[in-house]
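Trainee: Sharing data32.cif, mmCIF, C-alpha atoms (C1' of nucleotides):
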data_query
loop_
_atom_site.label_atom_id
_atom_site.label_comp_id
_atom_site.auth_asym_id
_atom_site.auth_seq_id
_atom_site.Cartn_x
_atom_site.Cartn_y
_atom_site.Cartn_z
CA MET I 1245 10.48 -106.79 42.66
CA THR I 1246 8.18 -103.87 42.10
CA LYS I 1247 5.57 -104.31 39.44
CA THR I 1248 6.88 -101.63 37.10
CA LYS I 1249 10.61 -101.99 37.53
CA MET I 1250 11.24 -103.88 34.32
CA PRO I 1251 8.31 -103.21 32.01
CA LEU I 1252 9.97 -104.63 28.90
CA GLN I 1253 11.00 -107.82 30.64
CA GLU I 1254 7.52 -108.18 32.09
CA ALA I 1255 5.97 -107.86 28.65
CA LYS I 1256 8.33 -110.47 27.26
CA ALA I 1257 7.69 -112.76 30.22
CA LYS I 1258 3.97 -112.53 29.53
CA ILE I 1259 4.49 -113.85 26.00
CA LEU I 1260 6.89 -116.56 27.16
CA LYS I 1261 4.45 -117.68 29.83
CA ALA I 1262 1.81 -118.04 27.15
CA LEU I 1263 4.18 -120.40 25.32
CA ALA I 1264 5.31 -122.32 28.37
CA HIS I 1265 2.90 -125.23 28.44
CA PRO I 1266 3.11 -128.58 26.61
CA SER I 1267 -0.43 -128.35 25.23
CA ARG I 1268 0.10 -124.83 24.00
CA ILE I 1269 3.38 -125.75 22.32
CA TYR I 1270 1.62 -128.64 20.64
CA ILE I 1271 -1.13 -126.29 19.49
CA ILE I 1272 1.38 -123.84 18.02
CA GLU I 1273 3.35 -126.55 16.25
CA THR I 1274 0.13 -127.91 14.80
CA LEU I 1275 -1.10 -124.50 13.69
CA ALA I 1276 2.15 -124.07 11.78
CA HIS I 1277 0.66 -126.47 9.23
CA GLY I 1278 -2.60 -124.55 8.91
CA GLU I 1279 -5.64 -123.36 10.81
CA LYS I 1280 -7.64 -125.63 13.08
CA CYS I 1281 -10.69 -125.34 15.26
CA VAL I 1282 -11.00 -126.08 18.97
CA HIS I 1283 -12.61 -129.52 18.85
CA GLU I 1284 -9.82 -130.85 16.64
CA PHE I 1285 -7.36 -130.40 19.47
CA VAL I 1286 -9.54 -132.06 22.07
CA ASP I 1287 -8.97 -135.60 20.80
CA GLU I 1288 -5.33 -135.00 19.92
CA ILE I 1289 -4.34 -133.58 23.27
CA GLY I 1290 -6.86 -135.51 25.32
CA VAL I 1291 -8.19 -132.87 27.67
CA ASP I 1292 -11.56 -131.23 28.11
CA PHE I 1293 -13.03 -128.80 25.55
CA SER I 1294 -12.98 -126.06 28.13
CA THR I 1295 -9.32 -126.61 28.87
CA ILE I 1296 -8.34 -126.32 25.21
CA SER I 1297 -10.48 -123.25 24.84
CA LYS I 1298 -8.69 -121.63 27.77
CA HIS I 1299 -5.29 -122.52 26.36
CA LEU I 1300 -6.28 -120.90 23.07
CA ALA I 1301 -7.53 -117.82 24.90
CA ILE I 1302 -4.13 -117.50 26.58
CA LEU I 1303 -2.38 -117.71 23.22
CA ARG I 1304 -4.79 -115.18 21.78
CA ASN I 1305 -4.30 -112.73 24.61
CA ALA I 1306 -0.57 -112.97 24.09
CA GLY I 1307 -0.98 -112.08 20.42
CA ILE I 1308 0.32 -115.43 19.21
CA VAL I 1309 -2.79 -116.75 17.50
CA GLN I 1310 -5.79 -115.16 15.85
CA ILE I 1311 -9.34 -116.37 15.31
CA ASP I 1312 -11.70 -116.51 12.37
CA LYS I 1313 -15.31 -117.36 13.18
CA ARG I 1314 -17.01 -119.21 10.34
CA GLY I 1315 -20.42 -120.61 11.11
CA GLN I 1316 -20.46 -122.50 14.38
CA LYS I 1317 -16.74 -123.08 14.25
CA VAL I 1318 -13.90 -120.90 15.40
CA PHE I 1319 -10.74 -121.34 13.37
CA TYR I 1320 -7.43 -120.58 15.02
CA SER I 1321 -4.24 -119.74 13.16
CA LEU I 1322 -0.77 -118.42 13.93
CA LYS I 1323 -0.47 -114.67 13.88
CA THR I 1324 3.30 -114.50 14.04
CA PRO I 1325 4.87 -117.40 12.14
CA CYS I 1326 8.20 -116.34 13.62
CA ILE I 1327 7.11 -118.26 16.72
CA ILE I 1328 8.00 -121.47 14.89
CA ASP I 1329 11.60 -120.34 14.45
CA PHE I 1330 11.64 -119.57 18.10
CA LEU I 1331 10.52 -123.07 19.02
CA SER I 1332 13.12 -124.67 16.78
CA CYS I 1333 15.68 -122.60 18.63
CA ILE I 1334 14.34 -123.99 21.91
CA GLU I 1335 14.78 -127.42 20.40
CA ASP I 1336 18.46 -126.63 19.87
CA VAL I 1337 18.87 -125.72 23.52
CA LEU I 1338 17.13 -128.94 24.42
CA LYS I 1339 19.39 -131.08 22.23
CA HIS I 1340 22.44 -129.34 23.59
CA HIS I 1341 21.22 -129.99 27.12
CA LEU I 1342 20.35 -133.64 26.52
CA LYS I 1343 23.61 -134.37 24.73
CA GLU I 1344 25.46 -133.03 27.71
CA GLN I 1345 23.44 -135.10 30.15
CA ASN I 1346 24.09 -138.20 28.05
CA SER I 1347 27.81 -137.61 28.01
CA LEU I 1348 27.64 -137.29 31.79
CA PHE I 1349 26.10 -140.75 31.89
CA GLU I 1350 28.74 -142.14 29.54
CA HIS I 1351 31.56 -140.93 31.76
CA LYS I 1352 30.08 -142.43 34.90
CA MET R 1048 -3.26 -134.77 29.74
CA THR R 1049 -1.20 -137.79 30.68
CA LYS R 1050 2.29 -137.04 31.79
CA THR R 1051 4.05 -138.80 28.91
CA LYS R 1052 1.75 -138.01 26.03
CA MET R 1053 3.88 -135.26 24.53
CA PRO R 1054 7.43 -135.75 25.82
CA LEU R 1055 9.03 -133.36 23.33
CA GLN R 1056 6.55 -130.59 24.05
CA GLU R 1057 7.00 -131.14 27.77
CA ALA R 1058 10.75 -130.77 27.45
CA LYS R 1059 10.35 -127.56 25.47
CA ALA R 1060 7.81 -126.25 27.95
CA LYS R 1061 10.30 -126.83 30.74
CA ILE R 1062 12.84 -124.60 29.00
CA LEU R 1063 10.23 -121.96 28.19
CA LYS R 1064 9.02 -121.94 31.78
CA ALA R 1065 12.55 -121.29 32.88
CA LEU R 1066 12.61 -118.24 30.60
CA ALA R 1067 9.16 -116.99 31.52
CA HIS R 1068 9.90 -114.60 34.37
CA PRO R 1069 10.88 -110.91 34.22
CA SER R 1070 13.84 -111.32 36.57
CA ARG R 1071 15.15 -114.29 34.65
CA ILE R 1072 14.78 -112.49 31.33
CA TYR R 1073 16.67 -109.56 32.81
CA ILE R 1074 19.38 -111.95 34.01
CA ILE R 1075 19.73 -113.53 30.58
CA GLU R 1076 19.86 -110.18 28.80
CA THR R 1077 22.51 -109.01 31.23
CA LEU R 1078 24.57 -112.17 30.88
CA ALA R 1079 24.63 -111.60 27.12
CA HIS R 1080 27.21 -108.89 27.87
CA GLY R 1081 29.38 -111.15 29.98
CA GLU R 1082 29.46 -113.26 33.12
CA LYS R 1083 28.22 -111.98 36.46
CA CYS R 1084 27.94 -113.28 39.99
CA VAL R 1085 24.82 -113.60 42.13
CA HIS R 1086 25.24 -110.55 44.36
CA GLU R 1087 25.52 -108.26 41.32
CA PHE R 1088 21.94 -109.02 40.41
CA VAL R 1089 20.58 -108.44 43.89
CA ASP R 1090 20.83 -104.65 43.73
CA GLU R 1091 19.84 -104.44 40.08
CA ILE R 1092 16.70 -106.52 40.39
CA GLY R 1093 15.95 -105.57 43.97
CA VAL R 1094 15.01 -108.91 45.50
CA ASP R 1095 16.58 -111.09 48.14
CA PHE R 1096 19.86 -112.99 47.60
CA SER R 1097 18.00 -116.26 48.01
CA THR R 1098 15.45 -115.34 45.37
CA ILE R 1099 18.14 -114.52 42.79
CA SER R 1100 19.95 -117.71 43.64
CA LYS R 1101 16.78 -119.69 43.03
CA HIS R 1102 16.16 -117.96 39.71
CA LEU R 1103 19.70 -118.83 38.63
CA ALA R 1104 19.21 -122.42 39.74
CA ILE R 1105 16.12 -122.62 37.54
CA LEU R 1106 18.07 -121.29 34.55
CA ARG R 1107 20.88 -123.70 35.28
CA ASN R 1108 18.58 -126.72 35.52
CA ALA R 1109 17.09 -125.75 32.18
CA GLY R 1110 20.55 -125.73 30.61
CA ILE R 1111 20.45 -122.02 29.83
CA VAL R 1112 23.28 -120.81 32.03
CA GLN R 1113 26.43 -122.39 33.40
CA ILE R 1114 28.50 -121.66 36.49
CA ASP R 1115 32.17 -121.16 37.17
CA LYS R 1116 33.19 -121.13 40.83
CA ARG R 1117 36.20 -118.93 41.45
CA GLY R 1118 37.06 -118.36 45.09
CA GLN R 1119 34.04 -117.38 47.11
CA LYS R 1120 32.18 -116.21 44.07
CA VAL R 1121 30.08 -118.11 41.60
CA PHE R 1122 30.13 -116.65 38.11
CA TYR R 1123 27.19 -117.25 35.86
CA SER R 1124 27.30 -117.08 32.07
CA LEU R 1125 25.09 -118.01 29.13
CA LYS R 1126 25.53 -121.54 27.89
CA THR R 1127 23.56 -121.12 24.69
CA PRO R 1128 23.99 -117.61 23.31
CA CYS R 1129 21.25 -118.46 20.82
CA ILE R 1130 18.85 -117.65 23.68
CA ILE R 1131 19.39 -113.99 22.88
CA ASP R 1132 18.01 -114.52 19.39
CA PHE R 1133 14.87 -116.04 20.90
CA LEU R 1134 14.35 -113.06 23.05
CA SER R 1135 14.66 -110.68 20.13
CA CYS R 1136 12.05 -112.80 18.36
CA ILE R 1137 9.78 -112.41 21.37
CA GLU R 1138 10.40 -108.70 21.13
CA ASP R 1139 9.11 -108.82 17.54
CA VAL R 1140 5.92 -110.54 18.67
CA LEU R 1141 5.57 -107.93 21.36
CA LYS R 1142 5.99 -105.01 18.96
CA HIS R 1143 3.55 -106.58 16.54
CA HIS R 1144 1.05 -107.01 19.35
CA LEU R 1145 1.46 -103.49 20.71
CA LYS R 1146 1.23 -101.91 17.29
CA GLU R 1147 -2.05 -103.67 16.74
CA GLN R 1148 -3.42 -102.59 20.09
CA ASN R 1149 -2.46 -99.00 19.32
CA SER R 1150 -4.22 -99.08 15.98
CA LEU R 1151 -7.29 -100.37 17.79
CA PHE R 1152 -7.17 -97.29 19.97
CA GLU R 1153 -6.74 -95.00 16.98
CA HIS R 1154 -9.82 -96.38 15.28
CA LYS R 1155 -12.02 -95.98 18.33
"C1'" DT A 270 40.67 -121.94 64.89
"C1'" DG A 271 37.22 -117.69 64.24
"C1'" DG A 272 35.34 -114.22 61.45
"C1'" DC A 273 33.95 -112.63 57.02
"C1'" DT A 274 31.87 -112.82 52.41
"C1'" DA A 275 29.23 -115.24 48.82
"C1'" DT A 276 25.89 -118.43 47.86
"C1'" DT A 277 22.53 -122.15 48.57
"C1'" DT A 278 18.85 -124.59 50.92
"C1'" DG A 279 14.66 -125.22 53.90
"C1'" DG A 280 10.42 -123.54 55.57
"C1'" DC A 281 6.68 -120.77 55.18
"C1'" DT A 282 2.87 -117.92 53.08
"C1'" DA A 283 0.71 -115.81 49.19
"C1'" DT A 284 -0.33 -115.79 44.57
"C1'" DA A 285 -0.88 -117.84 39.97
"C1'" DG A 286 -1.85 -121.65 36.82
"C1'" DT A 287 -4.29 -125.99 35.39
"C1'" DA A 288 -8.02 -129.06 34.82
"C1'" DC A 289 -12.41 -130.68 35.57
"C1'" DC A 290 -17.60 -130.18 35.54
"C1'" DA A 291 -21.58 -127.55 34.69
"C1'" DA A 292 -23.79 -123.83 32.73
"C1'" DA A 293 -24.12 -120.26 29.29
"C1'" DC A 294 -23.68 -118.69 24.42
"C1'" DA A 295 -23.69 -118.74 19.44
"C1'" DA A 296 -24.92 -120.38 14.96
"C1'" DC A 297 -27.15 -123.36 12.36
"C1'" DA A 298 -31.02 -127.08 11.07
"C1'" DC A 299 -35.49 -128.39 11.54
"C1'" DG X 537 -39.81 -121.97 18.51
"C1'" DT X 538 -36.69 -126.81 19.83
"C1'" DG X 539 -32.59 -129.53 19.07
"C1'" DT X 540 -27.79 -130.02 17.92
"C1'" DT X 541 -23.04 -128.78 17.48
"C1'" DG X 542 -19.11 -125.94 18.71
"C1'" DT X 543 -17.15 -122.87 21.90
"C1'" DT X 544 -16.65 -119.99 26.01
"C1'" DT X 545 -17.24 -118.78 30.86
"C1'" DG X 546 -17.82 -119.58 35.93
"C1'" DG X 547 -16.79 -122.24 39.90
"C1'" DT X 548 -13.88 -125.10 42.44
"C1'" DA X 549 -9.97 -128.03 43.83
"C1'" DC X 550 -5.27 -128.96 43.25
"C1'" DT X 551 -0.60 -127.99 42.15
"C1'" DA X 552 3.17 -124.99 41.15
"C1'" DT X 553 5.71 -120.79 41.58
"C1'" DA X 554 7.76 -116.63 43.91
"C1'" DG X 555 9.13 -114.20 47.61
"C1'" DC X 556 10.95 -113.55 52.25
"C1'" DC X 557 13.50 -114.92 56.45
"C1'" DA X 558 16.53 -117.93 58.75
"C1'" DA X 559 19.84 -121.44 58.71
"C1'" DA X 560 23.40 -124.01 56.37
"C1'" DT X 561 27.36 -124.38 53.38
"C1'" DA X 562 31.74 -122.99 51.03
"C1'" DG X 563 35.93 -120.50 50.47
"C1'" DC X 564 38.95 -117.06 51.90
"C1'" DC X 565 42.05 -114.43 55.42
"C1'" DA X 566 43.85 -113.52 59.79
#
Show me this structure written as C-alpha cells.

Mentor:
Amino acid sequence: MTKTKMPLQEAKAKILKALAHPSRIYIIETLAHGEKCVHEFVDEIGVDFSTISKHLAILRNAGIVQIDKRGQKVFYSLKTPCIIDFLSCIEDVLKHHLKEQNSLFEHK
Amino acid sequence: MTKTKMPLQEAKAKILKALAHPSRIYIIETLAHGEKCVHEFVDEIGVDFSTISKHLAILRNAGIVQIDKRGQKVFYSLKTPCIIDFLSCIEDVLKHHLKEQNSLFEHK
DNA sequence: TGGCTATTTGGCTATAGTACCAAACAACAC
DNA sequence: GTGTTGTTTGGTACTATAGCCAAATAGCCA
C-alpha cells in the first residue's frame, strides 16, 4: 500500500493506534473521572515512569489528552470526552464476542 | 506490566489493535455498505491477496467481521455494525485535532 | 481425474512498538 | 548555588506487525 493512498484511513488509524494499548486505555478510563499527573499512574499500572510518560506523549500527539503544567507537576486530562463513548462501544463488541465464544463452549 | 493486571483493558486493546490499520479501516468502511469477498479488496487497496486475507483474519479474530462461504468465494460482512459509529467518533477526534493544528498555523 | 479460481497458511525480511535503565530537564525549597 | 521531586528524552534490547512470495487448501467444472 502506498503511503498516501488512503489519507483519511491513515489519519484514523493513527488515532486508533494511540488507543490500542492496555495501559493507554486504562489511562483514558481513569482520566474520565478527572485530571491526573504522571506519577499517579506509575503505581497503578506498575511500569516505569518513563514508560508512562511515553504512553501519555502518544495520547497527546494523537490529540486525545491535553496537559496543564502547574508547578513541578504535569496534569493530564481528556481533550475529547467522546473517547469514553467510543470505549464503551468497544466494550459492547467485546461482550458480543465473549457471549458468542461462551455459547460455543456450551454447545460442545 | 504483568500480563493479567488489566484483563478488561487488554481485551479492549485487542479489539482496538484490530481496528488500527488503514487497510482494515478501509475494509470496515467498505463492508458497511454490504458484504464483499477477499479478491474485491485486492485491487482497491493494492496489496497482495495474502495480505488482505491476513487483515481479514485479524478482523475476524477480533469479532468485528464474520464470514459466509458460498462456493469458491468467502464473503465477509460486519458483525457489529456499531463499529461504524466508533469510526465516526474517531473522525470527530480527528477533525478536532486538525482544526486545532490549523489554528496554530494561523496564529504563527 | 485435471485444471481453474478463490482463499489461506508458512516462511522470510523489514519496520514499528514497548519497556527498561540512565541521563537530562524543570520547578521548587533551602 | 545544592538538593529534591516530577517528568521527559536517549539508548538499547526484545517483541510484534506488515508485506511479499511460494506453497497449500477448498470448491467448482469439464

Trainee: Do you know which residues are at most 9 Å from Val1121 of chain R counting only C-alpha atoms (C1' of nucleotides), after dropping those on the same chain fewer than 3 positions away, and could you put them as a list in words?

Mentor: Lys1083, Cys1084, Val1085, Ile1114, Asp1115, Lys1116, Arg1117 and Gly1118 of chain R; DA275 and DT276 of chain A

Trainee: Which residue is closest to chain I? Choose from A:DT284, A:DC297, A:DT278, A:DA291 and count all atoms listed in the file.

Mentor: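 Counting all atoms listed in the file, the residue closest to chain I is A:DC297.
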
Trainee: Could I get chain I fitted onto chain R (least squares, all C-alpha atoms, in order) as a short mmCIF file (atom, residue, chain, number, x, y, z; two decimals) with C-alpha atoms, keeping the file's coordinate frame?

Mentor:
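The file below, superposed30.cif, is the result:
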data_model
loop_
_atom_site.label_atom_id
_atom_site.label_comp_id
_atom_site.auth_asym_id
_atom_site.auth_seq_id
_atom_site.Cartn_x
_atom_site.Cartn_y
_atom_site.Cartn_z
CA MET I 1245 -3.31 -134.79 29.70
CA THR I 1246 -1.24 -137.78 30.65
CA LYS I 1247 2.27 -137.07 31.77
CA THR I 1248 4.01 -138.83 28.90
CA LYS I 1249 1.72 -138.04 26.01
CA MET I 1250 3.85 -135.32 24.49
CA PRO I 1251 7.39 -135.81 25.76
CA LEU I 1252 9.00 -133.41 23.29
CA GLN I 1253 6.52 -130.65 24.02
CA GLU I 1254 6.98 -131.20 27.74
CA ALA I 1255 10.73 -130.86 27.41
CA LYS I 1256 10.34 -127.66 25.43
CA ALA I 1257 7.80 -126.32 27.91
CA LYS I 1258 10.29 -126.92 30.71
CA ILE I 1259 12.84 -124.68 28.99
CA LEU I 1260 10.24 -122.03 28.17
CA LYS I 1261 9.03 -122.01 31.76
CA ALA I 1262 12.58 -121.38 32.87
CA LEU I 1263 12.60 -118.30 30.62
CA ALA I 1264 9.15 -117.08 31.54
CA HIS I 1265 9.86 -114.68 34.37
CA PRO I 1266 10.82 -110.98 34.22
CA SER I 1267 13.80 -111.37 36.54
CA ARG I 1268 15.11 -114.34 34.63
CA ILE I 1269 14.76 -112.54 31.30
CA TYR I 1270 16.64 -109.62 32.77
CA ILE I 1271 19.35 -111.98 33.99
CA ILE I 1272 19.71 -113.57 30.55
CA GLU I 1273 19.82 -110.23 28.76
CA THR I 1274 22.47 -109.04 31.19
CA LEU I 1275 24.54 -112.20 30.85
CA ALA I 1276 24.60 -111.64 27.10
CA HIS I 1277 27.17 -108.92 27.82
CA GLY I 1278 29.36 -111.16 29.96
CA GLU I 1279 29.45 -113.23 33.11
CA LYS I 1280 28.18 -111.95 36.43
CA CYS I 1281 27.90 -113.24 39.95
CA VAL I 1282 24.78 -113.53 42.10
CA HIS I 1283 25.18 -110.45 44.30
CA GLU I 1284 25.46 -108.20 41.25
CA PHE I 1285 21.88 -108.98 40.34
CA VAL I 1286 20.52 -108.39 43.81
CA ASP I 1287 20.78 -104.60 43.65
CA GLU I 1288 19.79 -104.40 39.99
CA ILE I 1289 16.66 -106.46 40.32
CA GLY I 1290 15.89 -105.52 43.89
CA VAL I 1291 14.95 -108.84 45.42
CA ASP I 1292 16.51 -111.03 48.08
CA PHE I 1293 19.79 -112.92 47.54
CA SER I 1294 17.98 -116.18 47.97
CA THR I 1295 15.43 -115.30 45.33
CA ILE I 1296 18.09 -114.49 42.75
CA SER I 1297 19.94 -117.65 43.62
CA LYS I 1298 16.79 -119.68 43.02
CA HIS I 1299 16.15 -117.96 39.71
CA LEU I 1300 19.69 -118.81 38.63
CA ALA I 1301 19.22 -122.41 39.74
CA ILE I 1302 16.13 -122.64 37.53
CA LEU I 1303 18.08 -121.31 34.56
CA ARG I 1304 20.90 -123.72 35.31
CA ASN I 1305 18.61 -126.71 35.56
CA ALA I 1306 17.14 -125.79 32.20
CA GLY I 1307 20.60 -125.77 30.65
CA ILE I 1308 20.48 -122.06 29.84
CA VAL I 1309 23.30 -120.83 32.05
CA GLN I 1310 26.45 -122.38 33.44
CA ILE I 1311 28.51 -121.62 36.53
CA ASP I 1312 32.18 -121.08 37.23
CA LYS I 1313 33.18 -121.02 40.89
CA ARG I 1314 36.18 -118.78 41.52
CA GLY I 1315 37.02 -118.15 45.13
CA GLN I 1316 33.97 -117.19 47.15
CA LYS I 1317 32.13 -116.05 44.07
CA VAL I 1318 30.05 -118.00 41.61
CA PHE I 1319 30.13 -116.58 38.11
CA TYR I 1320 27.17 -117.23 35.85
CA SER I 1321 27.28 -117.08 32.07
CA LEU I 1322 25.08 -118.02 29.12
CA LYS I 1323 25.53 -121.54 27.89
CA THR I 1324 23.53 -121.18 24.70
CA PRO I 1325 23.93 -117.69 23.24
CA CYS I 1326 21.15 -118.58 20.81
CA ILE I 1327 18.77 -117.70 23.65
CA ILE I 1328 19.41 -114.04 22.87
CA ASP I 1329 18.14 -114.46 19.32
CA PHE I 1330 15.13 -116.13 20.75
CA LEU I 1331 14.38 -113.19 23.03
CA SER I 1332 14.75 -110.70 20.20
CA CYS I 1333 12.20 -112.76 18.33
CA ILE I 1334 9.87 -112.47 21.33
CA GLU I 1335 10.42 -108.75 21.14
CA ASP I 1336 9.14 -108.81 17.56
CA VAL I 1337 5.96 -110.55 18.65
CA LEU I 1338 5.59 -107.97 21.37
CA LYS I 1339 6.00 -105.03 18.99
CA HIS I 1340 3.57 -106.58 16.57
CA HIS I 1341 1.08 -107.04 19.39
CA LEU I 1342 1.48 -103.54 20.79
CA LYS I 1343 1.26 -101.89 17.38
CA GLU I 1344 -2.01 -103.66 16.82
CA GLN I 1345 -3.38 -102.61 20.19
CA ASN I 1346 -2.38 -99.01 19.47
CA SER I 1347 -4.12 -99.01 16.13
CA LEU I 1348 -7.21 -100.30 17.92
CA PHE I 1349 -7.04 -97.26 20.17
CA GLU I 1350 -6.57 -94.93 17.20
CA HIS I 1351 -9.70 -96.23 15.50
CA LYS I 1352 -11.85 -95.82 18.58
#

Trainee: Taking the file above as input, evaluate the PyMOL selection byres ((chain A) within 10 of (chain I)) and report the hits as an NGL selection string.

Mentor: :A and (287-290 or 295-297)

Trainee: Taking the file as shown, what set of residues would the PyMOL selection byres ((chain I and resi 1270-1278) around 9) give back, as a PyMOL selection string?

Mentor: (chain I and resi 1263+1265-1269+1279-1280+1285+1289+1299-1300+1303+1308-1309+1320-1322+1325+1327-1328+1331) or (chain R and resi 1053+1056)

Trainee: Pull out every residue of chain X sitting within 12 Å of chain I, counting only C-alpha atoms (C1' of nucleotides), and send them as a VMD selection string.

Mentor: chain X and resid 540 to 546 554 to 556

Trainee: Tell me which protein, DNA and RNA residues are within 12 Å of DC299 of chain A, counting all atoms listed in the file, leaving out same-chain ones fewer than 3 positions away, and put them as a list in words.

Mentor: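 Residues near the query, excluding close chain neighbours: DG537, DT538, DG539 and DT540 of chain X.
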
Trainee: Could you please determine the separation between atom CA of Leu1141 of chain R and atom CA of Leu1252 of chain I in Å, to one decimal place?

Mentor: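 Pair atom CA of Leu1141 of chain R / atom CA of Leu1252 of chain I returns 9.3 Å.
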
Trainee: Which residue, I:Glu1254, I:Asp1287, I:Asp1336, I:Glu1344, has the smallest gap to chain R when you use all atoms listed in the file?

Mentor: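 Closest candidate: I:Glu1254.
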
Trainee: Write out as a PyMOL selection string which residues come within 12 Å of DA559 of chain X when counting only C-alpha atoms (C1' of nucleotides), dropping same-chain ones fewer than 6 positions away.

Mentor: chain A and resi 277-280

Trainee: Point out the residue among I:Lys1343, I:Pro1251, I:Lys1261, I:Arg1304 with the least atom-to-atom distance to chain R, counting all atoms listed in the file.

Mentor: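 Checking each candidate against chain R, we get I:Lys1261 as the closest.
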
Trainee: Report the distance between atom C1' of DT274 of chain A and atom CA of Glu1091 of chain R in Å, rounded to one decimal place.

Mentor: 19.2 Å

Trainee: Quick one: distance from atom CA of Thr1127 of chain R to atom CA of Asn1346 of chain I in Å, one decimal?

Mentor: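 These two atoms are separated by 17.4 Å.
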
Trainee: Taking into account all atoms listed in the file, which residue in the set R:Lys1126, R:Val1089, R:Ser1135, R:Ala1060 is nearest to chain I?

Mentor: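 Smallest distance to chain I is found for R:Ala1060.
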
Trainee: Any chance you could work out the residue set of the PyMOL selection byres ((chain A and resi 286) around 9) here, as a PyMOL selection string?

Mentor: (chain A and resi 285+287) or (chain X and resi 551-553)

Trainee: Can you take chain X from the block and write C-alpha atoms (C1' of nucleotides) as a PDB file, in the first residue's frame?

Mentor:
ATOM      1  C1'  DG X 537      24.239  27.868  44.483  1.00  0.00           C
ATOM      2  C1'  DT X 538      22.723  22.406  46.138  1.00  0.00           C
ATOM      3  C1'  DG X 539      19.095  19.080  46.898  1.00  0.00           C
ATOM      4  C1'  DT X 540      14.648  17.123  45.917  1.00  0.00           C
ATOM      5  C1'  DT X 541      10.653  15.921  43.291  1.00  0.00           C
ATOM      6  C1'  DG X 542       8.317  15.216  38.917  1.00  0.00           C
ATOM      7  C1'  DT X 543       8.748  14.478  34.153  1.00  0.00           C
ATOM      8  C1'  DT X 544      10.892  13.790  29.643  1.00  0.00           C
ATOM      9  C1'  DT X 545      14.368  12.087  26.428  1.00  0.00           C
ATOM     10  C1'  DG X 546      18.018   8.913  24.600  1.00  0.00           C
ATOM     11  C1'  DG X 547      19.754   4.374  24.097  1.00  0.00           C
ATOM     12  C1'  DT X 548      19.133  -0.375  23.716  1.00  0.00           C
ATOM     13  C1'  DA X 549      17.005  -4.989  23.589  1.00  0.00           C
ATOM     14  C1'  DC X 550      13.000  -7.523  22.675  1.00  0.00           C
ATOM     15  C1'  DT X 551       8.663  -8.482  20.625  1.00  0.00           C
ATOM     16  C1'  DA X 552       5.052  -7.714  17.371  1.00  0.00           C
ATOM     17  C1'  DT X 553       3.275  -6.387  12.967  1.00  0.00           C
ATOM     18  C1'  DA X 554       3.070  -5.955   7.804  1.00  0.00           C
ATOM     19  C1'  DG X 555       4.285  -7.114   3.491  1.00  0.00           C
ATOM     20  C1'  DC X 556       5.774 -10.229  -0.170  1.00  0.00           C
ATOM     21  C1'  DC X 557       6.442 -14.769  -2.384  1.00  0.00           C
ATOM     22  C1'  DA X 558       5.581 -19.540  -2.573  1.00  0.00           C
ATOM     23  C1'  DA X 559       3.032 -23.433  -1.275  1.00  0.00           C
ATOM     24  C1'  DA X 560      -1.158 -25.489   0.424  1.00  0.00           C
ATOM     25  C1'  DT X 561      -6.114 -25.912   0.656  1.00  0.00           C
ATOM     26  C1'  DA X 562     -11.018 -25.730  -0.927  1.00  0.00           C
ATOM     27  C1'  DG X 563     -14.675 -25.759  -4.201  1.00  0.00           C
ATOM     28  C1'  DC X 564     -16.181 -25.744  -8.756  1.00  0.00           C
ATOM     29  C1'  DC X 565     -16.427 -27.505 -13.833  1.00  0.00           C
ATOM     30  C1'  DA X 566     -15.103 -30.278 -17.535  1.00  0.00           C
TER      31       DA X 566
END
